[in-house]
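Participant: First the structure, then my questions, so here it is.
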Amino acid sequence: MVDLHVNICGVELKNPVIPASGTFGFGREFDELYDISLLGAVATKGLTREPRLGNPTPRIAESRGVILNAVGLQNPGVEHFIEHDLDWLRRKTRVIANVAGATLEDYAAICRRLDGLVDFIELNISCPNVKCGGMAFGIRPEDVKEVTHVSKQALKNTPLIVKLSPNAANISENARAAEAGGADCISLINTLTGMAIDIERRRPVLANNTGGVSGAGIKPVAVRMVYEAAHAVKIPVIGMGGITCAEDALEFLMAGASAVQVGTQNFTDTLACPKIIAGLETWCDGHGVGRVRDLVGALKIN
Amino acid sequence: MRELTAAVLENVRIAENIYSLTFATEEAVPVLPGQFCMVGVAGYPLRRPLAVCKAEGERVTVCYQVKGGGTKSLVGYKQGHRLSVLLPLGNGFSLTPDMKRVAVVGGGVGVFPLISAIRAYAGEREISAYMGFRNRAAVCLRYEMQRADKLVIATDDGSEGYRGTAVQAFMEDIERAKPDVVLSCGPTPMLRALKNAVSGRNIPVYVSLEERMGCGIGACLVCVCDKKDGTHARVCRDGPVFEIGEVEI
Ligand SMILES: Cc1cc2nc3c(=O)[nH]c(=O)nc-3n(C[C@H](O)[C@H](O)[C@H](O)COP(=O)(O)OP(=O)(O)OC[C@H]3O[C@@H](n4cnc5c(N)ncnc54)[C@H](O)[C@@H]3O)c2cc1C
Ligand SMILES: Cc1cc2nc3c(=O)[nH]c(=O)nc-3n(C[C@H](O)[C@H](O)[C@H](O)COP(=O)(O)O)c2cc1C
Ligand code: FES
């Protein structure tokens with residue numbers, strides 16, 4: 001029987017499968033369908049210092065093999081999370097608090113607040129920087145480095161994951177910028193910016209006009225970016241983007257990811273994560289792989 | 001709420017562009033009137049929310065209008081095909097014992113969740129149903145609607161029954177029906193018209209809302225509607241049924 005444990009920044013996960021931020025809430029609803037303590041960790045919905053109402057609806061659209069979302073970071077705020085969900089979730093499994101902000105001060109403050117309370121903090125840097133004309137923090141390498149640095153300074157105990165945006169000129173450069181800023185780990189990819197149009201109404205489907213593209217169709221782009229990023233840095237990488245089954249997860253591990261996150265597939269099949277864990281076990285057992293961590297970066301380039 | 005694999009028993013056309021799909025789940029699932037399910041369609045990442053019309057033990061029936069790609073593909077599901085279904089979802093209608101006289105007002109695909117209410121309350125309560133369709137060719141489920149003590153079918157073009165909307169038909173009959181409660185589902189303009197029509201009458205009105213969905217279980221915050229108090233509610237979890245004054249329509 002394969003050993004599915006992985007170790008990321010000194011934190012042991014019972015397996016490398018993690019539901020992705022924004023698709024799993026704080027885990028409570030999915031826990032009604034299966035015991036979420038079987039997951040390696042849970043990445044929470046993106047948290048901000050204050051509660052946010054998010055964007056108008058429709059917030060979701062579909063296109064072949066992908067979806068687009070523009071939820072706009074609706075969340076009850078970090079204090080509400082700490083008060084109502086954190087203890088419950090910690091008793092279940094490892095907690096990755098996904099956090100976002102509109103300014104560098106926001107990132108520093110929310111990191112300081114969560115330091116020592118969660119297993120990891122994951123910075124969502126795909127949000128617009130209000131002091132920089134609304135350009136996302138995650139696009140230019142110098143901004144990636146700065147937001148990482150400011151966040152890292154605020155943390156004494158909790159390892160920092162920087163979640164890279166694929167909407168960047170050069171993903172390796174941004175991965176290195178996060179590492180240089182002090183990131184303990186990187187995760188990628190966040191959603192790609194896209195648009196879907198209702199031709200009858202001659203309007204974008206999403207009230208926000210544009211939204212983040214995710215789901216099976218983005219997987220080849222995500223695998224390539226994970227491969228490039230993993231080879232650009234020494235810190236561990238968590239891979240995601242379009243994972244629907246154990247075989248998809250294996251591609252990411254081989255490309256260099258130490259763990260994977262599963263997002264959109266939770267909508268297609270609420271049991272996606274447990275199925276992927278079981279599928280990894282079956283595949284490894286069938287291929288004589290004794291430890292899943294031995295597959296990380298096992299890719300042989302042609 | 002359960003993740004189920006169901007087997008299609010029947011998938012038949014019942015009116016112009018409307019199909020009735022009955023499937024068998026692995027085990028009996030209790031479903032409240034007004035609850036819905038999310039039906040997976042192969043090749044589509046998002047499942048389609050559909051109201052449960054009828055649930056009898058393992059047998060569940062939904063009715064759907066062919067709109068876009070997903071519902072078009074659903075037509076291709078034949079007896080024996082497998083379906084992934086999340087069921088039961090949402091709060092459903094809940095009536096207090098003193099609500100003895102019930103009016104149901106439905107329009108278009110909004111008729112379907114109300115069928116489950118008619119089935120649940122028929123015989124126990126006095127039901128008056130006002131169901132609006134585009135025209136005669138769109139009218140379906142007559143047998144189910146006729147379980148109501150009084151049924152008025154309304155068509156936009158008058159090709160069957162009352163000429164006009166379900167709300168107009170209801171308002172012409174309201175003094176006779178004297179409802180203790182109104183249950184409604186339909187397009188937003190219809191719900192607005194209903195809200196205006198009954199305002200000041202002090203009758204509780206429960207509406208079932210539609211919103212595009214991601215997870216269907218309350219986790220992703222995709223499906224929100226605006227509440228009067230400035231907060232958001234999740235249509236899939238806190239709804240789809242809301243008291244009409246509670247939400248912005
Ligand atoms: C709680 C609830 C109950 C419903 N019950 C019924 C029912 O009993 N019978 C019925 O015919 N229809 C019902 N609908 C509407 C039905 O879900 C849509 O018509 C259907 O999803 C359209 O899918 P499509 O692939 O044909 O359209 P497309 O336009 O190709 O769908 C693209 C995406 O938009 C979503 N979408 C499009 N229109 C709607 C809509 N009106 N509401 C929600 N999502 C939408 C789809 O689910 C899909 O995710 C219900 C909706 C909700 C929210
Ligand atoms: C509805 C929805 C909400 C999301 N919210 C967040 C969020 O709050 N923070 C974040 O970092 N990523 C968010 N994401 C991005 C996912 O975590 C993930 O990076 C992306 O969807 C790619 O993975 P997938 O193809 O498996 O879905 C969201 C994605 C979806 C679909
Ligand atoms: S659809 Fe996910 S919260 Fe309602």
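Ligands are numbered from 1 in the order shown, residues from 1 within each chain, and chains are lettered A, B, ... in the order they appear in the structure tokens.
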Please, which residues have at least one atom within 7 Å of an atom of ligand 3, using only C-alpha atoms and all ligand atoms, listed as a PyMOL selection string?

Facilitator: chain B and resi 213-224+234-237

Participant: Hey, which residues sit close to ligand 2? Say within 6 Å, counting only C-alpha atoms and all ligand atoms, and write them as a list of chain:residue names.

Facilitator: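 Based on only C-alpha atoms and all ligand atoms, ligand 2 is surrounded within 6 Å by A:Ala20, A:Ser21, A:Gly22, A:Thr23, A:Lys45, A:Gly46, A:Asn69, A:Leu73, A:Asn124, A:Ile189, A:Asn190, A:Thr191, A:Ser214, A:Gly215, A:Met240, A:Gly241, A:Gly242, A:Ile243, A:Val262, A:Gly263, A:Thr264, B:Cys220.
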
Participant: Please save N, CA, C and O atoms of the selected residues as a short mmCIF file (atom, residue, chain, number, x, y, z; two decimals), in the first residue's frame.

Facilitator:
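Saved file result13.cif follows:
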data_model
loop_
_atom_site.label_atom_id
_atom_site.label_comp_id
_atom_site.auth_asym_id
_atom_site.auth_seq_id
_atom_site.Cartn_x
_atom_site.Cartn_y
_atom_site.Cartn_z
N ALA A 20 -9.33 23.51 -3.71
CA ALA A 20 -8.80 24.85 -4.00
C ALA A 20 -9.69 25.94 -3.43
O ALA A 20 -10.92 25.79 -3.33
N SER A 21 -9.05 27.04 -3.11
CA SER A 21 -9.75 28.20 -2.55
C SER A 21 -10.93 28.65 -3.41
O SER A 21 -10.83 28.73 -4.63
N GLY A 22 -12.03 28.93 -2.75
CA GLY A 22 -13.19 29.50 -3.42
C GLY A 22 -14.19 28.49 -3.93
O GLY A 22 -15.31 28.85 -4.29
N THR A 23 -13.77 27.23 -3.95
CA THR A 23 -14.69 26.21 -4.46
C THR A 23 -15.22 25.33 -3.32
O THR A 23 -16.02 24.43 -3.55
N LYS A 45 -11.94 29.74 1.40
CA LYS A 45 -12.35 30.86 0.57
C LYS A 45 -11.45 32.05 0.88
O LYS A 45 -11.01 32.22 2.03
N GLY A 46 -11.14 32.87 -0.11
CA GLY A 46 -10.29 34.04 0.08
C GLY A 46 -10.84 34.94 1.18
O GLY A 46 -12.00 35.34 1.14
N ASN A 69 -15.58 32.59 -13.47
CA ASN A 69 -16.26 33.11 -12.29
C ASN A 69 -15.80 34.50 -11.96
O ASN A 69 -14.66 34.89 -12.24
N LEU A 73 -14.61 37.93 -4.42
CA LEU A 73 -14.13 37.80 -3.04
C LEU A 73 -15.18 38.03 -1.97
O LEU A 73 -14.87 38.55 -0.90
N ASN A 124 -3.44 35.29 -2.15
CA ASN A 124 -4.05 35.46 -3.47
C ASN A 124 -3.60 36.82 -3.96
O ASN A 124 -4.05 37.85 -3.46
N ILE A 189 -1.97 27.23 -10.74
CA ILE A 189 -2.25 28.58 -11.18
C ILE A 189 -3.59 29.07 -10.66
O ILE A 189 -4.49 28.26 -10.44
N ASN A 190 -3.65 30.37 -10.45
CA ASN A 190 -4.94 30.98 -10.23
C ASN A 190 -5.65 31.05 -11.59
O ASN A 190 -5.13 30.55 -12.58
N THR A 191 -6.81 31.63 -11.64
CA THR A 191 -7.59 31.62 -12.89
C THR A 191 -6.99 32.55 -13.96
O THR A 191 -6.34 33.54 -13.63
N SER A 214 -11.39 28.64 -15.28
CA SER A 214 -10.85 27.48 -14.58
C SER A 214 -11.50 26.22 -15.14
O SER A 214 -12.40 26.30 -15.97
N GLY A 215 -11.02 25.08 -14.70
CA GLY A 215 -11.61 23.82 -15.15
C GLY A 215 -10.73 23.09 -16.14
O GLY A 215 -9.66 23.57 -16.54
N MET A 240 -2.07 23.33 -9.49
CA MET A 240 -3.52 23.22 -9.74
C MET A 240 -3.87 23.84 -11.08
O MET A 240 -3.07 24.59 -11.66
N GLY A 241 -5.09 23.56 -11.51
CA GLY A 241 -5.62 24.10 -12.76
C GLY A 241 -6.17 22.96 -13.60
O GLY A 241 -5.42 22.25 -14.27
N GLY A 242 -7.46 22.74 -13.50
CA GLY A 242 -8.12 21.77 -14.37
C GLY A 242 -8.02 20.32 -13.95
O GLY A 242 -8.30 19.43 -14.75
N ILE A 243 -7.63 20.06 -12.72
CA ILE A 243 -7.53 18.66 -12.28
C ILE A 243 -8.93 18.06 -12.09
O ILE A 243 -9.76 18.63 -11.37
N VAL A 262 -7.63 21.05 -6.09
CA VAL A 262 -8.72 20.71 -7.01
C VAL A 262 -9.83 21.73 -6.81
O VAL A 262 -10.32 21.88 -5.68
N GLY A 263 -10.18 22.44 -7.87
CA GLY A 263 -11.19 23.50 -7.75
C GLY A 263 -12.51 23.14 -8.41
O GLY A 263 -13.39 22.51 -7.82
N THR A 264 -12.61 23.53 -9.67
CA THR A 264 -13.85 23.40 -10.42
C THR A 264 -14.46 22.00 -10.39
O THR A 264 -15.68 21.86 -10.39
N CYS B 220 -19.71 28.03 -2.58
CA CYS B 220 -18.91 28.87 -3.49
C CYS B 220 -19.36 30.32 -3.58
O CYS B 220 -18.67 31.15 -4.16
#

Participant: For chain A, which residue out of B:Lys195, B:Arg47, B:Arg13, B:Lys72 is the nearest one, using only C-alpha atoms?

Facilitator: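 Going through B:Lys195, B:Arg47, B:Arg13, B:Lys72 one by one, the smallest distance to chain A is for B:Arg47.
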
Participant: Can you check which residues of region 202-283 of chain A DSSP gives as alpha helix (DSSP H) on the backbone and send them as a VMD selection string?

Facilitator: chain A and resid 219 to 232 246 to 255 265 to 268 272 to 283

Participant: Suppose we keep N, CA, C and O atoms; can you now write the selection as a short mmCIF file (atom, residue, chain, number, x, y, z; two decimals), in the first residue's frame?

Facilitator:
data_model
loop_
_atom_site.label_atom_id
_atom_site.label_comp_id
_atom_site.auth_asym_id
_atom_site.auth_seq_id
_atom_site.Cartn_x
_atom_site.Cartn_y
_atom_site.Cartn_z
N LYS A 219 -5.94 22.89 -18.08
CA LYS A 219 -4.91 22.02 -17.51
C LYS A 219 -3.56 22.04 -18.23
O LYS A 219 -2.53 22.15 -17.57
N PRO A 220 -3.54 21.96 -19.58
CA PRO A 220 -2.21 21.95 -20.22
C PRO A 220 -1.40 23.21 -19.93
O PRO A 220 -0.18 23.15 -19.75
N VAL A 221 -2.08 24.35 -19.88
CA VAL A 221 -1.40 25.60 -19.56
C VAL A 221 -0.87 25.54 -18.14
O VAL A 221 0.28 25.90 -17.85
N ALA A 222 -1.70 25.01 -17.24
CA ALA A 222 -1.32 24.94 -15.82
C ALA A 222 -0.14 23.99 -15.62
O ALA A 222 0.80 24.31 -14.90
N VAL A 223 -0.17 22.85 -16.27
CA VAL A 223 0.92 21.88 -16.12
C VAL A 223 2.23 22.50 -16.61
O VAL A 223 3.27 22.41 -15.95
N ARG A 224 2.15 23.17 -17.74
CA ARG A 224 3.37 23.81 -18.27
C ARG A 224 3.91 24.86 -17.29
O ARG A 224 5.10 24.94 -17.02
N MET A 225 3.00 25.66 -16.75
CA MET A 225 3.45 26.71 -15.83
C MET A 225 4.02 26.12 -14.54
O MET A 225 4.99 26.63 -13.99
N VAL A 226 3.39 25.06 -14.04
CA VAL A 226 3.89 24.41 -12.83
C VAL A 226 5.29 23.84 -13.10
O VAL A 226 6.21 23.98 -12.29
N TYR A 227 5.44 23.23 -14.25
CA TYR A 227 6.74 22.68 -14.64
C TYR A 227 7.80 23.79 -14.66
O TYR A 227 8.88 23.66 -14.07
N GLU A 228 7.48 24.91 -15.33
CA GLU A 228 8.45 26.00 -15.43
C GLU A 228 8.76 26.60 -14.07
O GLU A 228 9.93 26.84 -13.73
N ALA A 229 7.71 26.83 -13.28
CA ALA A 229 7.92 27.45 -11.96
C ALA A 229 8.72 26.53 -11.05
O ALA A 229 9.64 26.97 -10.35
N ALA A 230 8.37 25.24 -11.06
CA ALA A 230 9.05 24.30 -10.17
C ALA A 230 10.54 24.21 -10.49
O ALA A 230 11.36 23.99 -9.61
N HIS A 231 10.87 24.40 -11.75
CA HIS A 231 12.27 24.34 -12.13
C HIS A 231 13.00 25.66 -11.97
O HIS A 231 14.21 25.73 -12.12
N ALA A 232 12.24 26.71 -11.64
CA ALA A 232 12.86 28.03 -11.45
C ALA A 232 13.20 28.30 -9.99
O ALA A 232 13.97 29.19 -9.69
N ALA A 246 -7.33 11.42 -10.77
CA ALA A 246 -6.01 11.09 -10.23
C ALA A 246 -4.93 11.22 -11.30
O ALA A 246 -3.82 11.69 -11.02
N GLU A 247 -5.24 10.83 -12.53
CA GLU A 247 -4.24 10.91 -13.60
C GLU A 247 -3.81 12.36 -13.83
O GLU A 247 -2.64 12.64 -14.07
N ASP A 248 -4.78 13.28 -13.77
CA ASP A 248 -4.44 14.71 -13.90
C ASP A 248 -3.52 15.13 -12.75
O ASP A 248 -2.52 15.83 -12.95
N ALA A 249 -3.86 14.70 -11.55
CA ALA A 249 -3.06 15.07 -10.38
C ALA A 249 -1.63 14.55 -10.55
O ALA A 249 -0.66 15.25 -10.23
N LEU A 250 -1.49 13.36 -11.09
CA LEU A 250 -0.16 12.76 -11.29
C LEU A 250 0.67 13.59 -12.25
O LEU A 250 1.88 13.74 -12.07
N GLU A 251 0.03 14.15 -13.27
CA GLU A 251 0.79 15.01 -14.19
C GLU A 251 1.43 16.17 -13.43
O GLU A 251 2.58 16.53 -13.66
N PHE A 252 0.65 16.77 -12.53
CA PHE A 252 1.18 17.91 -11.77
C PHE A 252 2.32 17.48 -10.84
O PHE A 252 3.32 18.18 -10.71
N LEU A 253 2.14 16.33 -10.19
CA LEU A 253 3.21 15.85 -9.31
C LEU A 253 4.49 15.63 -10.11
O LEU A 253 5.57 16.09 -9.73
N MET A 254 4.35 14.97 -11.24
CA MET A 254 5.53 14.69 -12.06
C MET A 254 6.17 15.97 -12.58
O MET A 254 7.39 16.06 -12.72
N ALA A 255 5.32 16.98 -12.86
CA ALA A 255 5.84 18.27 -13.34
C ALA A 255 6.60 19.01 -12.25
O ALA A 255 7.28 20.00 -12.53
N GLN A 265 -13.62 20.98 -10.34
CA GLN A 265 -14.16 19.62 -10.36
C GLN A 265 -15.04 19.33 -9.15
O GLN A 265 -15.91 18.47 -9.21
N ASN A 266 -14.85 20.10 -8.06
CA ASN A 266 -15.75 19.93 -6.92
C ASN A 266 -17.20 20.28 -7.28
O ASN A 266 -18.13 19.82 -6.62
N PHE A 267 -17.37 21.13 -8.30
CA PHE A 267 -18.72 21.48 -8.75
C PHE A 267 -19.30 20.36 -9.61
O PHE A 267 -20.48 20.07 -9.57
N THR A 268 -18.44 19.77 -10.45
CA THR A 268 -18.89 18.72 -11.36
C THR A 268 -19.22 17.46 -10.58
O THR A 268 -20.16 16.72 -10.91
N ALA A 272 -15.16 14.58 -5.85
CA ALA A 272 -13.94 14.59 -6.66
C ALA A 272 -12.69 14.35 -5.82
O ALA A 272 -11.86 13.51 -6.17
N CYS A 273 -12.53 15.06 -4.72
CA CYS A 273 -11.29 14.93 -3.93
C CYS A 273 -11.10 13.53 -3.37
O CYS A 273 -10.03 12.94 -3.56
N PRO A 274 -12.10 12.96 -2.68
CA PRO A 274 -11.90 11.57 -2.22
C PRO A 274 -11.64 10.60 -3.36
O PRO A 274 -10.83 9.68 -3.21
N LYS A 275 -12.27 10.81 -4.51
CA LYS A 275 -12.03 9.92 -5.65
C LYS A 275 -10.59 10.05 -6.14
O LYS A 275 -9.97 9.07 -6.55
N ILE A 276 -10.07 11.27 -6.14
CA ILE A 276 -8.69 11.48 -6.60
C ILE A 276 -7.70 10.83 -5.62
O ILE A 276 -6.72 10.20 -6.03
N ILE A 277 -7.98 10.93 -4.33
CA ILE A 277 -7.11 10.29 -3.34
C ILE A 277 -7.09 8.78 -3.56
O ILE A 277 -6.03 8.14 -3.64
N ALA A 278 -8.28 8.21 -3.73
CA ALA A 278 -8.38 6.76 -3.95
C ALA A 278 -7.69 6.37 -5.26
O ALA A 278 -7.00 5.35 -5.34
N GLY A 279 -7.85 7.22 -6.27
CA GLY A 279 -7.25 6.94 -7.58
C GLY A 279 -5.73 6.99 -7.53
O GLY A 279 -5.04 6.22 -8.21
N LEU A 280 -5.18 7.91 -6.73
CA LEU A 280 -3.73 7.99 -6.58
C LEU A 280 -3.21 6.70 -5.96
O LEU A 280 -2.17 6.16 -6.37
N GLU A 281 -3.95 6.23 -4.95
CA GLU A 281 -3.56 5.02 -4.26
C GLU A 281 -3.54 3.84 -5.24
O GLU A 281 -2.55 3.10 -5.32
N THR A 282 -4.61 3.72 -6.01
CA THR A 282 -4.71 2.62 -6.97
C THR A 282 -3.59 2.69 -8.00
O THR A 282 -2.95 1.69 -8.32
N TRP A 283 -3.35 3.89 -8.50
CA TRP A 283 -2.33 4.03 -9.55
C TRP A 283 -0.94 3.69 -9.00
O TRP A 283 -0.18 2.94 -9.63
#

Participant: Fewer than 6 positions away in the same chain doesn't count, so skip those; otherwise give me all residues within 12 Å of Lys131 (chain A), counting only C-alpha atoms, as a ChimeraX atom specification.

Facilitator: /A:101-106,137,143

Participant: Quick one: write out the picked residues with all heavy atoms as a tab-separated table (two decimals), in the first residue's frame?

Facilitator:
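This is the output file selection-v7.tsv:
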chain	number	residue	atom	x	y	z
A	101	GLY	N	-6.12	41.17	-0.42
A	101	GLY	CA	-6.20	42.55	0.05
A	101	GLY	C	-6.19	43.51	-1.12
A	101	GLY	O	-5.98	43.11	-2.27
A	102	ALA	N	-6.44	44.76	-0.81
A	102	ALA	CA	-6.43	45.79	-1.85
A	102	ALA	C	-5.19	46.67	-1.74
A	102	ALA	O	-4.90	47.44	-2.65
A	102	ALA	CB	-7.70	46.65	-1.74
A	103	THR	N	-4.49	46.53	-0.61
A	103	THR	CA	-3.26	47.32	-0.41
A	103	THR	C	-2.22	46.42	0.26
A	103	THR	O	-2.57	45.38	0.83
A	103	THR	CB	-3.51	48.52	0.54
A	103	THR	OG1	-3.92	48.01	1.81
A	103	THR	CG2	-4.57	49.46	0.00
A	104	LEU	N	-0.99	46.84	0.25
A	104	LEU	CA	0.06	46.09	0.94
A	104	LEU	C	-0.24	46.00	2.43
A	104	LEU	O	-0.01	44.97	3.06
A	104	LEU	CB	1.42	46.77	0.72
A	104	LEU	CG	1.98	46.68	-0.71
A	104	LEU	CD1	3.20	47.59	-0.86
A	104	LEU	CD2	2.33	45.24	-1.07
A	105	GLU	N	-0.77	47.09	2.99
A	105	GLU	CA	-1.11	47.09	4.42
A	105	GLU	C	-2.15	46.01	4.74
A	105	GLU	O	-2.10	45.38	5.78
A	105	GLU	CB	-1.65	48.46	4.88
A	105	GLU	CG	-0.67	49.63	4.72
A	105	GLU	CD	-0.60	50.14	3.28
A	105	GLU	OE1	-1.57	50.78	2.83
A	105	GLU	OE2	0.42	49.90	2.60
A	106	ASP	N	-3.10	45.85	3.82
A	106	ASP	CA	-4.12	44.80	4.02
A	106	ASP	C	-3.45	43.44	4.15
A	106	ASP	O	-3.79	42.65	5.04
A	106	ASP	CB	-5.07	44.72	2.81
A	106	ASP	CG	-6.10	45.83	2.80
A	106	ASP	OD1	-6.24	46.51	3.82
A	106	ASP	OD2	-6.76	45.99	1.75
A	137	PHE	N	-1.58	42.66	-8.10
A	137	PHE	CA	-0.27	42.49	-7.48
A	137	PHE	C	0.55	41.39	-8.17
A	137	PHE	O	1.76	41.40	-8.12
A	137	PHE	CB	-0.44	42.08	-6.00
A	137	PHE	CG	-0.98	43.15	-5.12
A	137	PHE	CD1	-2.34	43.22	-4.83
A	137	PHE	CD2	-0.13	44.09	-4.55
A	137	PHE	CE1	-2.84	44.22	-4.00
A	137	PHE	CE2	-0.62	45.08	-3.71
A	137	PHE	CZ	-1.99	45.14	-3.44
A	143	ASP	N	6.25	43.66	-8.19
A	143	ASP	CA	5.09	43.73	-7.28
A	143	ASP	C	4.92	42.42	-6.53
A	143	ASP	O	4.55	42.41	-5.36
A	143	ASP	CB	3.80	44.03	-8.08
A	143	ASP	CG	3.86	45.40	-8.75
A	143	ASP	OD1	4.65	46.25	-8.30
A	143	ASP	OD2	3.12	45.61	-9.74

Participant: Just the residues within 12 Å of Glu175 (chain B), please, counting only C-alpha atoms, with nothing from its chain fewer than 3 positions along; format it as a ChimeraX atom specification.

Facilitator: /B:103,128,169-172,178-180,198,201

Participant: Residues of chain A near chain B: apply a cut-off of 9 Å, count only C-alpha atoms, and supply the list as JSON, numbers by chain.

Facilitator: {"A": [22, 23, 24, 25, 26, 27, 28, 29, 30, 32, 33, 45, 53, 56, 57, 58, 59, 60, 61, 62, 63, 64, 65, 66, 67, 69, 70, 71, 74, 75, 215, 216, 264, 265, 266, 267, 268, 269, 270, 271]}

Participant: Would you mind exporting C-alpha atoms of the selected residues as an mmCIF file, in the first residue's frame?

Facilitator:
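Here's the written file again_30.cif:
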data_model
loop_
_atom_site.group_PDB
_atom_site.id
_atom_site.type_symbol
_atom_site.label_atom_id
_atom_site.label_comp_id
_atom_site.auth_asym_id
_atom_site.auth_seq_id
_atom_site.Cartn_x
_atom_site.Cartn_y
_atom_site.Cartn_z
ATOM 1 C CA GLY A 22 -13.188 29.505 -3.421
ATOM 2 C CA THR A 23 -14.694 26.205 -4.457
ATOM 3 C CA PHE A 24 -15.018 24.678 -0.999
ATOM 4 C CA GLY A 25 -16.074 27.468 1.375
ATOM 5 C CA PHE A 26 -14.659 26.596 4.784
ATOM 6 C CA GLY A 27 -15.467 22.932 4.278
ATOM 7 C CA ARG A 28 -18.711 22.719 6.210
ATOM 8 C CA GLU A 29 -21.037 21.994 3.312
ATOM 9 C CA PHE A 30 -18.778 19.340 1.794
ATOM 10 C CA GLU A 32 -22.117 16.907 4.988
ATOM 11 C CA LEU A 33 -21.302 14.814 1.913
ATOM 12 C CA LYS A 45 -12.350 30.862 0.568
ATOM 13 C CA LEU A 53 -20.199 41.502 -0.523
ATOM 14 C CA PRO A 56 -23.317 41.439 -8.789
ATOM 15 C CA THR A 57 -24.770 38.287 -10.387
ATOM 16 C CA PRO A 58 -24.488 36.387 -12.688
ATOM 17 C CA ARG A 59 -21.164 35.425 -11.178
ATOM 18 C CA ILE A 60 -20.588 32.274 -13.189
ATOM 19 C CA ALA A 61 -20.597 31.224 -16.824
ATOM 20 C CA GLU A 62 -19.617 28.148 -18.739
ATOM 21 C CA SER A 63 -17.721 27.581 -21.936
ATOM 22 C CA ARG A 64 -16.447 24.330 -23.464
ATOM 23 C CA GLY A 65 -14.527 22.437 -20.806
ATOM 24 C CA VAL A 66 -14.165 25.501 -18.594
ATOM 25 C CA ILE A 67 -16.075 27.870 -16.389
ATOM 26 C CA ASN A 69 -16.264 33.105 -12.287
ATOM 27 C CA ALA A 70 -16.419 36.603 -10.901
ATOM 28 C CA VAL A 71 -17.476 36.107 -7.295
ATOM 29 C CA GLN A 74 -17.406 37.715 -1.151
ATOM 30 C CA ASN A 75 -16.425 36.539 2.329
ATOM 31 C CA GLY A 215 -11.611 23.821 -15.154
ATOM 32 C CA ALA A 216 -10.393 20.950 -17.313
ATOM 33 C CA THR A 264 -13.849 23.403 -10.423
ATOM 34 C CA GLN A 265 -14.155 19.620 -10.360
ATOM 35 C CA ASN A 266 -15.754 19.929 -6.917
ATOM 36 C CA PHE A 267 -18.724 21.481 -8.747
ATOM 37 C CA THR A 268 -18.892 18.719 -11.359
ATOM 38 C CA ASP A 269 -18.612 16.008 -8.730
ATOM 39 C CA THR A 270 -18.740 16.803 -5.025
ATOM 40 C CA LEU A 271 -16.796 13.603 -4.314
#

Participant: Which residues, written as JSON, numbers by chain, have at least one atom at most 7 Å from region 24-31 of chain B, with only C-alpha atoms counted and residues fewer than 6 positions away on the same chain left out?

Facilitator: {"B": [4, 5, 6, 7, 8, 9, 55, 57, 58, 59, 60, 88]}

Participant: DSSP on the backbone, strand (DSSP E) only: what residues of region 68-124 of chain A does that give? Format it as a ChimeraX atom specification.

Facilitator: /A:68-69,94-99,120-124
